[in-house]
>>> print(open('data-v7.cif').read())   # mmCIF, C-alpha atoms
data_upload
loop_
_atom_site.label_atom_id
_atom_site.label_comp_id
_atom_site.auth_asym_id
_atom_site.auth_seq_id
_atom_site.Cartn_x
_atom_site.Cartn_y
_atom_site.Cartn_z
CA MET A 1 86.33 120.27 87.65
CA GLY A 2 86.27 116.58 88.64
CA ALA A 3 89.26 114.25 88.38
CA ASN A 4 89.59 112.19 85.24
CA PRO A 5 90.39 108.70 86.56
CA ALA A 6 91.99 107.77 83.24
CA MET A 7 94.50 110.64 83.46
CA ALA A 8 95.20 111.36 87.14
CA GLY A 9 97.66 109.14 88.94
CA PRO A 10 96.32 106.70 91.52
CA VAL A 11 95.88 107.48 95.19
CA LEU A 12 98.22 105.34 97.30
CA CYS A 13 96.23 104.43 100.43
CA VAL A 14 98.44 103.34 103.33
CA VAL A 15 97.59 100.99 106.19
CA GLY A 16 100.01 99.62 108.72
CA ALA A 17 98.34 98.56 111.95
CA ARG A 18 94.96 97.42 113.23
CA PRO A 19 93.33 100.85 113.75
CA ASN A 20 94.15 101.80 110.15
CA PHE A 21 92.16 98.90 108.73
CA MET A 22 88.90 100.07 110.30
CA LYS A 23 89.39 103.56 108.88
CA MET A 24 90.47 102.49 105.41
CA ALA A 25 87.66 100.00 104.72
CA PRO A 26 84.88 102.61 104.33
CA LEU A 27 87.22 104.93 102.43
CA LEU A 28 88.07 102.35 99.78
CA ALA A 29 84.39 101.45 99.42
CA ALA A 30 83.45 105.12 98.97
CA PHE A 31 86.31 105.73 96.51
CA ALA A 32 85.16 102.78 94.39
CA ARG A 33 81.63 104.23 94.22
CA ASP A 34 82.75 107.76 93.32
CA SER A 35 83.37 108.23 89.60
CA GLY A 36 85.36 111.38 90.31
CA MET A 37 88.08 109.51 92.20
CA PRO A 38 91.22 108.12 90.60
CA ARG A 39 92.11 104.48 91.15
CA ALA A 40 93.02 103.59 94.72
CA VAL A 41 96.08 101.40 95.37
CA LEU A 42 96.13 99.82 98.85
CA VAL A 43 99.60 99.61 100.40
CA HIS A 44 100.03 97.54 103.57
CA THR A 45 103.35 98.35 105.21
CA GLY A 46 103.27 95.19 107.29
CA GLN A 47 103.76 97.16 110.53
CA HIS A 48 101.06 94.91 112.01
CA TYR A 49 103.13 91.76 111.69
CA ASP A 50 100.71 89.12 113.00
CA ALA A 51 99.76 87.74 109.59
CA ALA A 52 96.84 85.64 110.81
CA MET A 53 95.25 88.53 112.72
CA SER A 54 95.90 90.93 109.87
CA ASP A 55 94.24 88.57 107.38
CA LYS A 56 91.24 88.14 109.69
CA LEU A 57 90.79 91.90 110.06
CA PHE A 58 90.81 92.32 106.28
CA ALA A 59 88.15 89.62 106.00
CA ASP A 60 86.04 91.02 108.86
CA LEU A 61 86.04 94.49 107.33
CA GLN A 62 85.55 93.19 103.78
CA LEU A 63 88.70 95.05 102.78
CA PRO A 64 90.21 94.06 99.45
CA ALA A 65 93.57 92.31 99.62
CA PRO A 66 96.43 94.82 99.59
CA ASP A 67 97.83 95.61 96.19
CA LEU A 68 101.24 95.78 97.84
CA ASN A 69 102.64 94.52 101.15
CA LEU A 70 105.96 95.97 102.26
CA GLU A 71 106.30 93.28 104.99
CA VAL A 72 108.23 95.56 107.33
CA GLY A 73 107.43 93.74 110.56
CA SER A 74 108.36 94.79 114.08
CA GLY A 75 111.28 96.82 115.40
CA THR A 76 112.04 99.92 117.40
CA HIS A 77 110.25 103.09 116.38
CA ALA A 78 113.35 104.32 114.54
CA LEU A 79 114.07 101.05 112.76
CA GLN A 80 110.45 100.48 111.78
CA THR A 81 109.95 104.04 110.52
CA ALA A 82 113.19 103.98 108.54
CA GLU A 83 112.42 100.61 106.95
CA ILE A 84 108.92 101.71 105.92
CA MET A 85 110.41 104.82 104.31
CA ARG A 86 113.05 102.79 102.47
CA ARG A 87 110.51 100.34 101.06
CA PHE A 88 107.80 102.91 100.29
CA GLU A 89 109.92 105.38 98.31
CA PRO A 90 110.26 103.26 95.13
CA LEU A 91 106.47 102.97 94.93
CA LEU A 92 106.18 106.70 94.35
CA ASP A 93 108.50 106.49 91.36
CA GLN A 94 106.65 103.43 90.06
CA TYR A 95 103.06 104.68 90.44
CA GLN A 96 103.45 108.47 90.10
CA PRO A 97 100.44 108.93 92.42
CA SER A 98 98.21 111.96 92.50
CA ALA A 99 98.27 111.72 96.32
CA VAL A 100 99.28 109.55 99.27
CA LEU A 101 96.45 109.05 101.76
CA VAL A 102 97.30 108.11 105.35
CA VAL A 103 95.04 107.52 108.33
CA GLY A 104 95.52 107.80 112.07
CA ASP A 105 98.79 108.12 113.94
CA VAL A 106 100.89 104.95 113.68
CA ASN A 107 104.51 104.83 112.49
CA SER A 108 103.39 103.96 108.95
CA THR A 109 101.35 107.19 108.86
CA LEU A 110 104.36 109.40 109.52
CA ALA A 111 106.88 107.36 107.55
CA CYS A 112 104.90 107.36 104.30
CA SER A 113 103.94 111.01 104.73
CA LEU A 114 107.60 112.01 105.06
CA VAL A 115 108.57 110.16 101.90
CA ALA A 116 105.68 111.65 99.92
CA ALA A 117 106.28 115.21 101.13
CA LYS A 118 109.98 115.09 100.22
CA LYS A 119 109.10 113.82 96.74
CA HIS A 120 106.47 116.56 96.32
CA VAL A 121 103.51 114.16 96.28
CA PRO A 122 100.45 115.59 98.08
CA VAL A 123 99.75 114.06 101.50
CA VAL A 124 96.16 113.55 102.62
CA HIS A 125 95.69 112.88 106.36
CA VAL A 126 92.41 111.37 107.54
CA GLU A 127 91.78 111.89 111.27
CA ALA A 128 93.92 115.02 111.46
CA GLY A 129 94.19 117.51 114.29
CA LEU A 130 93.62 115.20 117.24
CA ARG A 131 95.84 116.07 120.20
CA SER A 132 96.43 114.57 123.63
CA PHE A 133 99.07 117.26 124.34
CA ASP A 134 101.26 114.50 125.75
CA ARG A 135 104.51 114.43 123.79
CA ALA A 136 105.59 111.33 125.71
CA MET A 137 103.19 109.36 123.50
CA PRO A 138 104.82 108.26 120.22
CA GLU A 139 101.43 108.64 118.52
CA GLU A 140 101.31 112.33 119.46
CA ILE A 141 104.64 112.94 117.71
CA ASN A 142 103.32 111.10 114.63
CA ARG A 143 100.11 113.15 114.65
CA VAL A 144 101.79 116.55 114.96
CA LEU A 145 104.44 115.92 112.32
CA THR A 146 102.07 114.31 109.82
CA ASP A 147 99.68 117.25 110.05
CA GLN A 148 102.48 119.74 109.43
CA ILE A 149 103.42 118.17 106.09
CA SER A 150 99.92 117.26 104.89
CA ASP A 151 98.26 119.12 102.02
CA LEU A 152 94.73 118.06 102.97
CA LEU A 153 93.63 117.43 106.55
CA TYR A 154 90.29 115.73 107.21
CA THR A 155 89.02 116.12 110.78
CA THR A 156 86.61 114.11 112.92
CA GLU A 157 85.62 116.85 115.38
CA ARG A 158 85.58 120.65 115.31
CA SER A 159 88.16 121.04 118.09
CA ALA A 160 90.74 119.52 115.74
CA ALA A 161 90.61 122.62 113.51
CA THR A 162 91.40 124.78 116.54
CA ASN A 163 94.43 122.61 117.32
CA LEU A 164 95.64 122.90 113.74
CA ALA A 165 95.16 126.67 113.68
CA HIS A 166 97.26 127.00 116.83
CA GLU A 167 100.01 125.10 115.02
CA GLY A 168 99.96 127.48 112.06
CA ILE A 169 98.10 125.28 109.60
CA SER A 170 95.91 127.18 107.17
CA GLU A 171 92.18 126.52 107.41
CA ALA A 172 92.18 126.22 103.60
CA ARG A 173 93.90 122.84 104.02
CA VAL A 174 91.35 121.57 106.58
CA ALA A 175 87.93 119.97 106.03
CA PHE A 176 85.59 118.75 108.76
CA VAL A 177 84.06 115.52 107.45
CA GLY A 178 83.19 113.31 110.44
CA ASN A 179 84.58 110.00 111.60
CA VAL A 180 85.29 107.11 109.24
CA MET A 181 85.64 104.76 112.24
CA ILE A 182 81.93 105.24 112.80
CA ASP A 183 81.26 104.48 109.13
CA ALA A 184 82.92 101.10 109.69
CA LEU A 185 81.02 100.49 112.91
CA ARG A 186 77.60 101.26 111.42
CA THR A 187 78.30 99.12 108.37
CA ASN A 188 79.48 96.10 110.33
CA LEU A 189 77.32 96.17 113.45
CA PRO A 190 74.71 93.81 111.93
CA ARG A 191 77.53 91.29 111.34
CA ALA A 192 79.00 91.53 114.86
CA VAL A 193 79.70 88.20 116.58
CA PRO A 194 77.54 87.58 119.68
CA PRO A 195 79.57 87.61 122.92
CA GLU A 196 78.46 84.05 123.80
CA GLU A 197 79.91 82.80 120.53
CA THR A 198 83.20 84.61 121.11
CA LEU A 199 83.56 83.06 124.55
CA ARG A 200 82.67 79.59 123.25
CA ARG A 201 85.27 79.83 120.50
CA ALA A 202 87.87 80.68 123.14
CA GLY A 203 86.91 77.63 125.20
CA LEU A 204 85.39 79.75 127.97
CA ASP A 205 82.01 79.65 129.71
CA ALA A 206 79.49 81.48 127.54
CA ALA A 207 77.24 81.93 130.56
CA LEU A 208 79.45 84.84 131.66
CA ALA A 209 77.93 86.93 128.85
CA ARG A 210 74.44 86.18 130.20
CA ASN A 211 75.19 87.29 133.75
CA GLU A 212 72.24 89.19 135.25
CA ARG A 213 74.50 92.16 136.04
CA GLY A 214 75.87 92.17 132.53
CA PHE A 215 79.60 92.17 131.79
CA GLY A 216 82.42 94.60 131.15
CA VAL A 217 84.99 94.58 128.35
CA VAL A 218 88.68 95.35 128.87
CA THR A 219 91.62 96.12 126.60
CA LEU A 220 95.05 97.34 127.70
CA HIS A 221 98.06 97.84 125.47
CA ARG A 222 99.67 101.26 125.84
CA PRO A 223 103.30 101.22 127.00
CA ALA A 224 102.58 103.79 129.73
CA ASN A 225 100.21 101.27 131.31
CA VAL A 226 101.75 97.90 130.59
CA ASP A 227 105.53 98.23 130.22
CA ARG A 228 106.34 98.87 133.91
CA PRO A 229 105.45 96.55 136.77
CA ASP A 230 104.06 99.34 138.98
CA THR A 231 101.69 100.80 136.38
CA LEU A 232 100.59 97.40 135.13
CA ARG A 233 99.88 96.31 138.70
CA GLU A 234 97.74 99.42 139.25
CA CYS A 235 95.70 98.62 136.14
CA LEU A 236 95.24 94.97 137.07
CA GLU A 237 94.24 95.86 140.62
CA ILE A 238 91.50 98.08 139.22
CA LEU A 239 90.30 95.19 137.06
CA ARG A 240 90.38 92.75 139.95
CA ALA A 241 88.32 95.10 142.12
CA ALA A 242 85.91 95.79 139.24
CA ALA A 243 85.45 92.04 138.73
CA ASP A 244 84.02 91.85 142.25
CA LYS A 245 81.14 93.97 140.93
CA LEU A 246 80.57 92.41 137.48
CA PRO A 247 82.32 89.87 135.25
CA LEU A 248 84.95 91.13 132.82
CA VAL A 249 86.00 89.92 129.39
CA CYS A 250 89.63 90.90 128.81
CA ALA A 251 91.07 90.70 125.30
CA LEU A 252 94.75 90.92 126.18
CA HIS A 253 97.29 92.30 123.72
CA PRO A 254 100.36 90.01 123.37
CA ARG A 255 102.55 92.77 124.82
CA THR A 256 100.31 92.97 127.88
CA ARG A 257 100.04 89.20 128.27
CA GLY A 258 103.83 88.88 128.11
CA ASN A 259 104.38 91.59 130.70
CA VAL A 260 101.76 90.11 133.05
CA ASP A 261 103.85 86.95 133.09
CA ARG A 262 107.23 88.70 133.15
CA PHE A 263 106.27 90.84 136.14
CA CYS A 264 104.64 87.86 137.95
CA LEU A 265 101.20 89.52 138.05
CA ALA A 266 99.11 86.69 136.62
CA ALA A 267 97.46 86.01 139.98
CA LEU A 268 95.54 89.28 139.69
CA LEU A 269 93.69 87.88 136.67
CA GLU A 270 93.06 84.44 138.13
CA THR A 271 89.42 84.65 139.12
CA PRO A 272 86.31 83.14 137.50
CA ALA A 273 84.97 86.68 137.12
CA ILE A 274 87.67 87.58 134.58
CA ALA A 275 87.67 85.81 131.23
CA VAL A 276 91.02 86.34 129.53
CA LEU A 277 90.96 86.09 125.73
CA PRO A 278 93.70 86.45 123.12
CA PRO A 279 93.39 89.41 120.73
CA GLN A 280 90.06 89.30 118.92
CA GLY A 281 88.90 90.17 115.43
CA TYR A 282 86.98 93.33 114.65
CA LEU A 283 83.57 91.66 114.53
CA GLU A 284 84.20 89.86 117.83
CA MET A 285 85.22 93.07 119.60
CA LEU A 286 82.29 94.93 118.07
CA GLY A 287 79.91 92.29 119.42
CA LEU A 288 81.47 92.44 122.88
CA MET A 289 81.39 96.25 123.06
CA ALA A 290 77.83 96.53 121.80
CA LYS A 291 76.52 94.27 124.56
CA ALA A 292 78.80 95.48 127.38
CA VAL A 293 77.62 97.37 130.45
CA VAL A 294 80.95 99.23 130.51
CA VAL A 295 84.27 99.25 128.68
CA LEU A 296 87.60 99.81 130.46
CA THR A 297 90.37 100.60 128.00
CA ASP A 298 93.36 102.68 126.99
CA SER A 299 92.47 102.48 123.30
CA GLY A 300 91.70 105.68 121.41
CA GLY A 301 89.47 103.97 118.87
CA MET A 302 87.37 102.26 121.51
CA GLN A 303 86.64 105.62 123.12
CA GLU A 304 85.02 106.61 119.82
CA GLU A 305 83.27 103.29 119.26
CA THR A 306 81.71 103.23 122.73
CA THR A 307 80.46 106.79 122.23
CA ALA A 308 78.80 105.72 118.98
CA LEU A 309 77.31 102.65 120.70
CA GLY A 310 76.12 104.58 123.77
CA VAL A 311 78.17 102.36 126.11
CA PRO A 312 79.95 103.97 129.11
CA CYS A 313 83.73 103.96 128.74
CA LEU A 314 86.32 104.35 131.51
CA THR A 315 89.66 105.29 129.98
CA LEU A 316 92.76 104.31 131.93
CA ARG A 317 94.93 107.16 130.65
CA GLU A 318 96.03 110.58 131.82
CA SER A 319 94.55 112.33 128.78
CA THR A 320 92.78 111.75 125.50
CA GLU A 321 93.29 113.04 121.97
CA ARG A 322 89.55 112.55 121.43
CA PRO A 323 88.01 115.09 123.84
CA ILE A 324 84.64 115.00 122.11
CA THR A 325 84.13 111.49 123.53
CA VAL A 326 84.32 113.06 127.01
CA ASP A 327 82.50 116.33 126.28
CA GLU A 328 79.63 114.83 124.26
CA GLY A 329 80.03 111.08 124.41
CA THR A 330 80.19 108.29 126.97
CA ASN A 331 83.86 108.49 127.92
CA THR A 332 85.41 109.42 131.28
CA ILE A 333 89.15 109.68 131.90
CA VAL A 334 89.94 107.78 135.13
CA ARG A 335 93.74 107.55 134.79
CA ARG A 336 94.78 104.66 137.07
CA ASP A 337 92.69 106.03 139.93
CA ARG A 338 91.14 102.95 141.50
CA ALA A 339 88.72 104.84 143.75
CA LEU A 340 87.42 106.96 140.87
CA ALA A 341 87.04 103.99 138.54
CA LEU A 342 85.12 101.97 141.11
CA ARG A 343 82.88 104.90 142.05
CA LEU A 344 81.95 105.44 138.41
CA LEU A 345 81.42 101.72 137.95
CA ASP A 346 78.97 101.74 140.87
CA GLU A 347 77.10 104.63 139.21
CA ILE A 348 76.97 102.73 135.92
CA LEU A 349 75.63 99.60 137.61
CA ALA A 350 73.08 101.61 139.58
CA GLY A 351 71.75 103.84 136.82
CA GLY A 352 73.34 103.06 133.47
CA GLY A 353 76.05 105.71 133.68
CA LYS A 354 77.05 108.27 131.11
CA ARG A 355 75.24 107.82 127.79
CA GLY A 356 76.10 111.00 125.90
CA ARG A 357 75.09 111.51 122.29
CA ALA A 358 76.50 110.94 118.82
CA PRO A 359 78.80 113.85 117.89
CA GLU A 360 78.25 116.01 114.81
CA LEU A 361 78.76 114.18 111.49
CA TRP A 362 79.35 110.81 113.17
CA ASP A 363 76.58 109.59 110.89
CA GLY A 364 78.20 106.84 108.83
CA HIS A 365 78.82 109.05 105.77
CA ALA A 366 82.27 110.52 106.46
CA ALA A 367 83.98 108.42 103.77
CA GLU A 368 81.50 109.64 101.15
CA ARG A 369 82.25 113.25 102.05
CA ILE A 370 85.98 112.60 101.80
CA ALA A 371 85.62 110.90 98.41
CA ALA A 372 83.63 113.83 96.98
CA HIS A 373 86.00 116.47 98.38
CA LEU A 374 89.20 114.64 97.50
CA GLY A 375 88.07 113.76 93.98
CA ALA A 376 87.26 117.40 93.26
CA TRP A 377 90.56 118.57 94.80
CA ILE A 378 92.63 116.11 92.75
CA GLY A 379 90.70 117.04 89.61
CA ALA A 380 91.31 120.76 90.11
CA ARG A 381 94.97 120.19 90.86
CA HIS A 382 95.40 117.89 87.86
CA ALA A 383 93.78 120.47 85.58
CA THR A 384 96.05 123.23 86.94
CA LEU A 385 99.23 121.18 86.51
CA GLY A 386 98.19 120.18 83.00
CA ALA A 387 97.37 123.74 81.96
#
>>> encode(input="data-v7.cif", output="C-alpha cells")
Amino acid sequence: MGANPAMAGPVLCVVGARPNFMKMAPLLAAFARDSGMPRAVLVHTGQHYDAAMSDKLFADLQLPAPDLNLEVGSGTHALQTAEIMRRFEPLLDQYQPSAVLVVGDVNSTLACSLVAAKKHVPVVHVEAGLRSFDRAMPEEINRVLTDQISDLLYTTERSAATNLAHEGISEARVAFVGNVMIDALRTNLPRAVPPEETLRRAGLDAALARNERGFGVVTLHRPANVDRPDTLRECLEILRAAADKLPLVCALHPRTRGNVDRFCLAALLETPAIAVLPPQGYLEMLGLMAKAVVVLTDSGGMQEETTALGVPCLTLRESTERPITVDEGTNTIVRRDRALALRLLDEILAGGGKRGRAPELWDGHAAERIAAHLGAWIGARHATLGA
C-alpha cells in the first residue's frame, strides 16, 4: 500500500556538509516526482559553516533552499554533535515526521539519527554499510553507529551488506539501490565548468589546462594527512615530484592551506607546475575531474566520482571505505608512498592507467529506486500504525 502524502508525516531530510549536498539533490528531485512519497522537509544543520560556499553548492546542484537552517557552525566533534542534537530535537515535536533521512557519515548524520532513534522516529540511512575498518577516522565511528540505529539502510555496493551482516544488522532492513552521488554526477556533467574557465576565474594561467601532457587534480583535507607537519610534508613532497611529470591543479581546503603556512611548507607548492586554487564549487570540480589525466586525493566522494568518469585516481590514504572503486573502478590506494605514487603516475602517463568499469547500479537512477522503496515502506508502516 503506498503512502498517502496528505496523511503521513513529512520526511525530514538532513544535510550538514558538502558531501551531503551532492547526495541529497537527486533524492529531493526523485521524491518530488514520486506521488507515493510524503512531503520532504530539507534541514540544513549548518555544519558546513562557509555560507558563501554552501550557497554556491546549493545553486550548482539546483537544490531548493533549506526549509530550516540550524546554523550550528564549527566546533569540536563533541560540541558540534551536541549542538546539532539540541537544535534538531524540537523539529521532531513540531513536524511529527514519518522518518528522518540522513546521508553519508558526517557529524550531522549521527547527531540527527541519535535524536530520531531516541524519539522513536524511523531513521533512513543512505550510503549505509561502507567501512574503512579504521576506527581512528571520526567518519567511521559515525558510519557504524548510524547504521546500528537505522531502520532502513540503503547501500551503494554489495559488500556493504556483508559488513552490515557481520555487525548483526538484519538483511530485512537493507536495500541495495546504487549510488546517489553518481545520479548527481550524471545529471550535472553537461553543466560542468571547463577547466580553463575555472583557472581564469582564479586569476591563473588557463594554458595549464591545455598542456600537451594533460593535468592532474589534487584535493587534500583529512586530518591524518594535513594536521601534522610530517604527514603534510610527505603529501606535499609527492605533489612536488608529481608536478615534475605533469601540471597539477590543487583545490586546497582552508584547513590544509592554513597548515601549509603554519608548518612553513609553502615552498613545496611554489612552482609554476602547481596551480593552487581556493575551494571550488561542485560544477568547477566536476569539470576539472572530467578532463584530468589523474586525480590525487584523500576524498571518499572523489574516489567514486573518478570511477564513474573513468579517470585514474591515486588515493593518499591507508584504506578506503569504498573498496568497489579499487576492485572494479579506477582507484588505487597509495598511502603516502612516494615511490608507489610516482610509479603509478608514470604508468598513467605512458598508457592511460587504470580505467575500470562502472559498478553495478551506478546508473544514475539510485534516487528513483530509493523513492519507490521508501514511499512503499512509509505507506505500509502508516497503514499498520493507523489500523
>>> residues_around(input="data-v7.cif", residues="segment 181-185 of chain A", least_positions_apart="2", cutoff="7 Å", atoms="all atoms listed in the file", output="list of chain:residue names")
A:Met22, A:Lys23, A:Ala25, A:Pro26, A:Asn179, A:Thr187, A:Asn188, A:Leu189, A:Glu305, A:Ala308, A:Trp362, A:Gly364, A:His365, A:Ala366
>>> residues_around(input="data-v7.cif", residues="Thr155 of chain A", least_positions_apart="3", cutoff="9 Å", atoms="all atoms listed in the file", output="MDAnalysis selection string")
chainID A and resid 125:130 158:161 174:179
>>> axis_aligned_box(input="data-v7.cif", around="segment 102-108 of chain A", padding_each_side="6 Å", output="lines of an AutoDock Vina configuration file")
center_x = 99.8
center_y = 106.0
center_z = 109.6
size_x = 21.5
size_y = 16.2
size_z = 20.6
>>> atom_distance(input="data-v7.cif", atom1="atom CA of Leu296 of chain A", atom2="atom CA of Leu110 of chain A")
28.5 Å
>>> residues_around(input="data-v7.cif", residues="Glu304 of chain A", least_positions_apart="4", cutoff="10 Å", atoms="all atoms listed in the file", output="list in words")
Asn179, Met181, Ile182, Ser299, Gly300, Ala308, Leu309, Gly310, Cys313, Arg322, Pro323, Ile324, Thr325, Val326, Gly329, Thr330, Asn331, Ala358, Pro359 and Trp362 of chain A
>>> resolve_selection(input="data-v7.cif", expression="the PyMOL selection byres ((chain A and resi 281) around 9)", output="PyMOL selection string")
chain A and resi 53-54+56-57+60+279-280+282-286
>>> resolve_selection(input="data-v7.cif", expression="the PyMOL selection byres ((chain A and resi 265-277) around 8)", output="NGL selection string")
:A and (202 or 204 or 208 or 233 or 236-237 or 240 or 243-244 or 246-252 or 260-264 or 278-280)
>>> resolve_selection(input="data-v7.cif", expression="the PyMOL selection byres ((chain A and resi 295) around 8)", output="list in words")
Gly216, Val217, Val218, Met289, Ala292, Val293, Val294, Leu296, Thr297, Thr306, Val311, Pro312, Cys313 and Leu314 of chain A
>>> atom_distance(input="data-v7.cif", atom1="atom CA of Pro223 of chain A", atom2="atom CA of Ile149 of chain A")
26.9 Å
>>> build_atoms(input="data-v7.cif", residues="segment 219-228 of chain A", atoms="all heavy atoms", output="compact mmCIF listing (two decimals), in the frame of the given file")
# COMPACT_ATOMS: atom_id res chain seq x y z
N THR A 219 90.39 96.23 127.40
CA THR A 219 91.62 96.12 126.60
C THR A 219 92.68 97.02 127.22
O THR A 219 92.36 98.12 127.70
CB THR A 219 91.42 96.51 125.12
OG1 THR A 219 91.23 97.92 125.01
CG2 THR A 219 90.25 95.77 124.50
N LEU A 220 93.91 96.57 127.22
CA LEU A 220 95.05 97.34 127.70
C LEU A 220 96.24 97.05 126.80
O LEU A 220 96.59 95.89 126.60
CB LEU A 220 95.42 96.94 129.14
CG LEU A 220 94.53 97.39 130.29
CD1 LEU A 220 95.02 96.74 131.58
CD2 LEU A 220 94.56 98.91 130.42
N HIS A 221 96.88 98.10 126.29
CA HIS A 221 98.06 97.84 125.47
C HIS A 221 99.08 98.97 125.48
O HIS A 221 100.21 98.77 125.04
CB HIS A 221 97.63 97.59 124.01
CG HIS A 221 97.23 98.84 123.29
ND1 HIS A 221 96.00 99.44 123.47
CD2 HIS A 221 97.90 99.61 122.39
CE1 HIS A 221 95.92 100.51 122.71
NE2 HIS A 221 97.06 100.65 122.04
N ARG A 222 98.75 100.14 125.97
CA ARG A 222 99.67 101.26 125.84
C ARG A 222 100.89 101.09 126.74
O ARG A 222 100.76 100.70 127.91
CB ARG A 222 98.97 102.58 126.16
CG ARG A 222 97.92 102.93 125.11
CD ARG A 222 97.52 104.39 125.14
NE ARG A 222 96.57 104.65 124.07
CZ ARG A 222 96.90 105.01 122.84
NH1 ARG A 222 98.17 105.15 122.52
NH2 ARG A 222 95.97 105.22 121.92
N PRO A 223 102.07 101.39 126.22
CA PRO A 223 103.30 101.22 127.00
C PRO A 223 103.25 101.90 128.37
O PRO A 223 103.76 101.36 129.35
CB PRO A 223 104.38 101.83 126.10
CG PRO A 223 103.86 101.64 124.72
CD PRO A 223 102.37 101.80 124.83
N ALA A 224 102.64 103.08 128.45
CA ALA A 224 102.58 103.79 129.73
C ALA A 224 101.85 102.99 130.79
O ALA A 224 102.09 103.16 132.00
CB ALA A 224 101.89 105.15 129.54
N ASN A 225 100.95 102.10 130.37
CA ASN A 225 100.21 101.27 131.31
C ASN A 225 100.83 99.90 131.53
O ASN A 225 100.73 99.35 132.64
CB ASN A 225 98.76 101.08 130.83
CG ASN A 225 97.87 102.25 131.19
OD1 ASN A 225 98.12 102.97 132.14
ND2 ASN A 225 96.82 102.44 130.41
N VAL A 226 101.42 99.33 130.51
CA VAL A 226 101.75 97.90 130.59
C VAL A 226 103.24 97.58 130.58
O VAL A 226 103.61 96.42 130.81
CB VAL A 226 101.06 97.10 129.46
CG1 VAL A 226 99.56 97.39 129.45
CG2 VAL A 226 101.67 97.37 128.10
N ASP A 227 104.10 98.55 130.36
CA ASP A 227 105.53 98.23 130.22
C ASP A 227 106.31 98.34 131.52
O ASP A 227 107.51 98.00 131.54
CB ASP A 227 106.17 99.14 129.16
CG ASP A 227 105.91 98.64 127.75
OD1 ASP A 227 105.18 97.65 127.61
OD2 ASP A 227 106.43 99.26 126.80
N ARG A 228 105.67 98.82 132.60
CA ARG A 228 106.34 98.87 133.91
C ARG A 228 105.52 98.09 134.92
O ARG A 228 104.29 98.14 134.90
CB ARG A 228 106.48 100.33 134.37
CG ARG A 228 107.49 101.13 133.56
CD ARG A 228 107.55 102.60 133.95
NE ARG A 228 107.04 102.91 135.27
CZ ARG A 228 106.40 104.05 135.56
NH1 ARG A 228 106.15 104.93 134.60
NH2 ARG A 228 106.00 104.30 136.79
